[in-house]
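Chemist: Structure in C-alpha coordinates, see below.
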Amino acid sequence: VLDLKTTSCTTMSAFIQSCHRYGYFNQAAFYMDLSYRPNFEFVYVTKHPPHTVGFFGLPYNDTRIESARKENKSLLRRAKREREQPNGW
(Lines give C-alpha, C1' and ligand atoms only; values in the text may rest on other atoms or scores of the structure.)
Protein backbone atom coordinates (compact mmCIF):
# COMPACT_ATOMS: atom_id res chain seq x y z
CA VAL A 1 0.00 0.00 0.00
CA LEU A 2 1.35 3.44 -0.93
CA ASP A 3 0.26 6.71 0.63
CA LEU A 4 1.42 10.08 -0.68
CA LYS A 5 1.84 12.82 1.92
CA THR A 6 2.97 16.41 1.67
CA THR A 7 4.98 17.68 4.60
CA SER A 8 6.86 20.63 6.01
CA CYS A 9 9.36 18.17 7.50
CA THR A 10 12.83 18.25 6.04
CA THR A 11 14.19 15.07 7.65
CA MET A 12 13.02 11.49 7.94
CA SER A 13 13.02 11.68 11.76
CA ALA A 14 10.81 14.78 11.66
CA PHE A 15 8.43 13.02 9.26
CA ILE A 16 8.24 10.00 11.57
CA GLN A 17 7.32 12.33 14.44
CA SER A 18 4.57 13.84 12.30
CA CYS A 19 3.30 10.30 11.64
CA HIS A 20 2.80 9.93 15.39
CA ARG A 21 1.26 13.39 15.74
CA TYR A 22 -1.25 13.03 12.90
CA GLY A 23 -2.19 9.37 13.43
CA TYR A 24 -0.58 8.15 10.20
CA PHE A 25 0.50 4.88 11.83
CA ASN A 26 -3.14 4.22 12.75
CA GLN A 27 -4.12 4.94 9.16
CA ALA A 28 -1.39 2.65 7.85
CA ALA A 29 -2.45 -0.20 10.16
CA PHE A 30 -6.08 0.23 9.11
CA TYR A 31 -5.24 0.18 5.39
CA MET A 32 -2.94 -2.84 5.79
CA ASP A 33 -5.63 -4.77 7.65
CA LEU A 34 -8.31 -3.90 5.10
CA SER A 35 -6.18 -4.69 2.07
CA TYR A 36 -4.39 -7.76 3.49
CA ARG A 37 -1.10 -6.25 2.29
CA PRO A 38 2.05 -7.03 4.28
CA ASN A 39 3.75 -3.66 3.76
CA PHE A 40 2.91 0.02 3.81
CA GLU A 41 4.97 2.76 2.20
CA PHE A 42 4.71 6.47 2.84
CA VAL A 43 5.90 8.59 -0.03
CA TYR A 44 6.36 12.12 1.21
CA VAL A 45 7.08 15.33 -0.63
CA THR A 46 8.27 18.48 1.06
CA LYS A 47 5.98 21.47 0.59
CA HIS A 48 8.78 23.93 -0.09
CA PRO A 49 11.47 23.93 -2.80
CA PRO A 50 13.33 21.87 -3.71
CA HIS A 51 10.31 19.57 -3.00
CA THR A 52 12.36 16.63 -1.83
CA VAL A 53 10.77 13.18 -2.11
CA GLY A 54 11.26 10.59 0.62
CA PHE A 55 10.15 7.03 1.23
CA PHE A 56 9.36 5.42 4.55
CA GLY A 57 8.31 1.77 4.59
CA LEU A 58 6.64 -0.24 7.31
CA PRO A 59 6.26 -4.02 7.46
CA TYR A 60 3.11 -5.61 8.89
CA ASN A 61 4.81 -6.52 12.17
CA ASP A 62 6.49 -3.15 12.84
CA THR A 63 6.01 -2.23 16.51
CA ARG A 64 4.46 1.12 15.57
CA ILE A 65 1.94 -0.65 13.34
CA GLU A 66 1.16 -3.26 16.00
CA SER A 67 0.61 -0.54 18.58
CA ALA A 68 -1.61 1.43 16.17
CA ARG A 69 -3.55 -1.73 15.32
CA LYS A 70 -4.33 -2.29 19.02
CA GLU A 71 -5.44 1.31 19.38
CA ASN A 72 -7.62 1.04 16.25
CA LYS A 73 -9.33 -2.08 17.60
CA SER A 74 -10.00 -0.34 20.90
CA LEU A 75 -11.45 2.70 19.13
CA LEU A 76 -13.65 0.52 16.92
CA ARG A 77 -14.98 -1.37 19.97
CA ARG A 78 -15.71 1.97 21.65
CA ALA A 79 -17.50 3.25 18.53
CA LYS A 80 -19.60 0.07 18.40
CA ARG A 81 -20.62 0.46 22.06
CA GLU A 82 -21.46 4.10 21.45
CA ARG A 83 -23.56 3.25 18.41
CA GLU A 84 -25.55 0.73 20.46
CA GLN A 85 -26.51 3.33 23.07
CA PRO A 86 -30.02 4.83 22.79
CA ASN A 87 -28.54 8.30 22.44
CA GLY A 88 -25.51 7.13 20.42
CA TRP A 89 -24.83 7.68 16.78
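A note on labels: chains of the C-alpha coordinates are A, B, ... as shown, every chain counts residues from 1, and ligands are counted from 1 in their shown order.
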Quick one: residues within 9 Å of Thr46 (chain A), only C-alpha atoms, excluding same-chain residues fewer than 4 positions away - as a PyMOL selection string?
Modeler: chain A and resi 5-10+50-54
Chemist: Using DSSP on the backbone coordinates, identify the residues of chain A assigned to alpha helix (DSSP H); present them as an MDAnalysis selection string.
Modeler: chainID A and resid 12:22 24:35 63:84
Chemist: For region 26-29 of chain A, find every residue with an atom within 8 Å (counting only C-alpha atoms), except residues of its own chain fewer than 2 positions away, and show them as a PyMOL selection string.
Modeler: chain A and resi 23-24+31-33+40+60+65-66+68-69+71-72
Chemist: For the residues in the current selection, export N, CA, C and O atoms as a PDB file, in the first residue's frame.
Modeler:
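Printed below is result27.pdb as written:
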```
ATOM      1  N   GLY A  23      -1.505  10.661  13.468  1.00  0.00           N
ATOM      2  CA  GLY A  23      -2.185   9.367  13.427  1.00  0.00           C
ATOM      3  C   GLY A  23      -1.948   8.575  12.152  1.00  0.00           C
ATOM      4  O   GLY A  23      -2.736   7.695  11.807  1.00  0.00           O
ATOM      5  N   TYR A  24      -0.848   8.859  11.458  1.00  0.00           N
ATOM      6  CA  TYR A  24      -0.577   8.152  10.203  1.00  0.00           C
ATOM      7  C   TYR A  24      -0.286   6.672  10.422  1.00  0.00           C
ATOM      8  O   TYR A  24      -0.578   5.853   9.547  1.00  0.00           O
ATOM      9  N   TYR A  31      -5.313   0.517   6.813  1.00  0.00           N
ATOM     10  CA  TYR A  31      -5.237   0.180   5.391  1.00  0.00           C
ATOM     11  C   TYR A  31      -4.616  -1.193   5.165  1.00  0.00           C
ATOM     12  O   TYR A  31      -5.063  -1.951   4.307  1.00  0.00           O
ATOM     13  N   MET A  32      -3.579  -1.527   5.938  1.00  0.00           N
ATOM     14  CA  MET A  32      -2.941  -2.835   5.791  1.00  0.00           C
ATOM     15  C   MET A  32      -3.920  -3.951   6.152  1.00  0.00           C
ATOM     16  O   MET A  32      -3.984  -4.969   5.466  1.00  0.00           O
ATOM     17  N   ASP A  33      -4.677  -3.742   7.216  1.00  0.00           N
ATOM     18  CA  ASP A  33      -5.631  -4.769   7.646  1.00  0.00           C
ATOM     19  C   ASP A  33      -6.774  -4.924   6.649  1.00  0.00           C
ATOM     20  O   ASP A  33      -7.241  -6.031   6.396  1.00  0.00           O
ATOM     21  N   PHE A  40       3.489  -1.303   4.041  1.00  0.00           N
ATOM     22  CA  PHE A  40       2.913   0.018   3.806  1.00  0.00           C
ATOM     23  C   PHE A  40       4.074   0.957   3.533  1.00  0.00           C
ATOM     24  O   PHE A  40       5.100   0.901   4.201  1.00  0.00           O
ATOM     25  N   TYR A  60       4.315  -5.275   8.137  1.00  0.00           N
ATOM     26  CA  TYR A  60       3.113  -5.613   8.892  1.00  0.00           C
ATOM     27  C   TYR A  60       3.377  -5.722  10.389  1.00  0.00           C
ATOM     28  O   TYR A  60       2.567  -5.311  11.198  1.00  0.00           O
ATOM     29  N   ILE A  65       3.167  -0.168  13.981  1.00  0.00           N
ATOM     30  CA  ILE A  65       1.942  -0.645  13.343  1.00  0.00           C
ATOM     31  C   ILE A  65       1.155  -1.522  14.321  1.00  0.00           C
ATOM     32  O   ILE A  65      -0.064  -1.412  14.426  1.00  0.00           O
ATOM     33  N   GLU A  66       1.851  -2.403  15.027  1.00  0.00           N
ATOM     34  CA  GLU A  66       1.161  -3.261  16.001  1.00  0.00           C
ATOM     35  C   GLU A  66       0.492  -2.435  17.091  1.00  0.00           C
ATOM     36  O   GLU A  66      -0.641  -2.719  17.485  1.00  0.00           O
ATOM     37  N   ALA A  68      -0.490   0.722  16.810  1.00  0.00           N
ATOM     38  CA  ALA A  68      -1.608   1.430  16.167  1.00  0.00           C
ATOM     39  C   ALA A  68      -2.782   0.488  15.931  1.00  0.00           C
ATOM     40  O   ALA A  68      -3.942   0.878  16.105  1.00  0.00           O
ATOM     41  N   ARG A  69      -2.491  -0.742  15.559  1.00  0.00           N
ATOM     42  CA  ARG A  69      -3.546  -1.729  15.317  1.00  0.00           C
ATOM     43  C   ARG A  69      -4.341  -1.977  16.607  1.00  0.00           C
ATOM     44  O   ARG A  69      -5.573  -2.025  16.591  1.00  0.00           O
ATOM     45  N   GLU A  71      -4.664   0.102  19.113  1.00  0.00           N
ATOM     46  CA  GLU A  71      -5.439   1.309  19.377  1.00  0.00           C
ATOM     47  C   GLU A  71      -6.658   1.390  18.460  1.00  0.00           C
ATOM     48  O   GLU A  71      -7.756   1.742  18.903  1.00  0.00           O
ATOM     49  N   ASN A  72      -6.488   1.039  17.198  1.00  0.00           N
ATOM     50  CA  ASN A  72      -7.617   1.039  16.254  1.00  0.00           C
ATOM     51  C   ASN A  72      -8.711   0.092  16.714  1.00  0.00           C
ATOM     52  O   ASN A  72      -9.899   0.442  16.674  1.00  0.00           O
TER      53      ASN A  72
END
```
Chemist: For Ser35 (chain A), which residue among A:Asp62, A:Val1, A:Met12, A:Arg21 is the nearest when counting only C-alpha atoms?
Modeler: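 For Ser35 (chain A), the nearest of the candidates is A:Val1.
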Chemist: With only C-alpha atoms as the atoms that count, which of A:Tyr22, A:Arg37, A:Asn87, A:Arg78 lies nearest to Asn61 (chain A)?
Modeler: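 Using only C-alpha atoms, Asn61 (chain A) sits closest to A:Arg37.
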Chemist: Quick one: residues within 6 Å of Phe42 (chain A), only C-alpha atoms, excluding same-chain residues fewer than 3 positions away - as a list in words?
Modeler: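 My list of contacting residues is Leu2, Asp3, Phe55 and Phe56 of chain A.
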Chemist: For the selection you just gave me, I'd like the residues written to a file as a PDB file, in the first residue's frame, keeping N, CA, C and O atoms.
Modeler:
```pdb
ATOM      1  N   LEU A   2       0.617   2.179  -0.864  1.00  0.00           N
ATOM      2  CA  LEU A   2       1.350   3.441  -0.927  1.00  0.00           C
ATOM      3  C   LEU A   2       0.442   4.579  -0.493  1.00  0.00           C
ATOM      4  O   LEU A   2      -0.745   4.596  -0.821  1.00  0.00           O
ATOM      5  N   ASP A   3       1.011   5.529   0.230  1.00  0.00           N
ATOM      6  CA  ASP A   3       0.257   6.711   0.629  1.00  0.00           C
ATOM      7  C   ASP A   3       1.144   7.932   0.413  1.00  0.00           C
ATOM      8  O   ASP A   3       2.243   8.015   0.964  1.00  0.00           O
ATOM      9  N   PHE A  55      10.894   8.284   1.105  1.00  0.00           N
ATOM     10  CA  PHE A  55      10.150   7.033   1.229  1.00  0.00           C
ATOM     11  C   PHE A  55      10.368   6.483   2.627  1.00  0.00           C
ATOM     12  O   PHE A  55      11.475   6.501   3.140  1.00  0.00           O
ATOM     13  N   PHE A  56       9.288   5.999   3.223  1.00  0.00           N
ATOM     14  CA  PHE A  56       9.365   5.416   4.555  1.00  0.00           C
ATOM     15  C   PHE A  56       8.466   4.193   4.580  1.00  0.00           C
ATOM     16  O   PHE A  56       7.239   4.318   4.519  1.00  0.00           O
TER      17      PHE A  56
END
```
Chemist: Just asking: which residues within chain A are strand (DSSP E) according to DSSP, as number ranges by chain?
Modeler: A: 2-7, 39-46, 53-59
Chemist: With distances taken over only C-alpha atoms, which of A:Leu76, A:Val45, A:Glu82, A:Ser67 is nearest to Phe15 (chain A)?
Modeler: A:Val45
Chemist: Could you check how far CA of Tyr44 (chain A) sits from CA of Gln17 (chain A), in Å to one decimal?
Modeler: 13.3 Å
Chemist: Report the distance between CA of Lys47 (chain A) and CA of Ser18 (chain A) in Å, rounded to one decimal place.
Modeler: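 Taking CA of Lys47 (chain A) and CA of Ser18 (chain A), their separation equals 14.1 Å.
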Chemist: Would you mind reading off the distance between CA of Phe25 (chain A) and CA of Thr11 (chain A), one decimal, in Å?
Modeler: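 Going from CA of Phe25 (chain A) over to CA of Thr11 (chain A) covers 17.6 Å.
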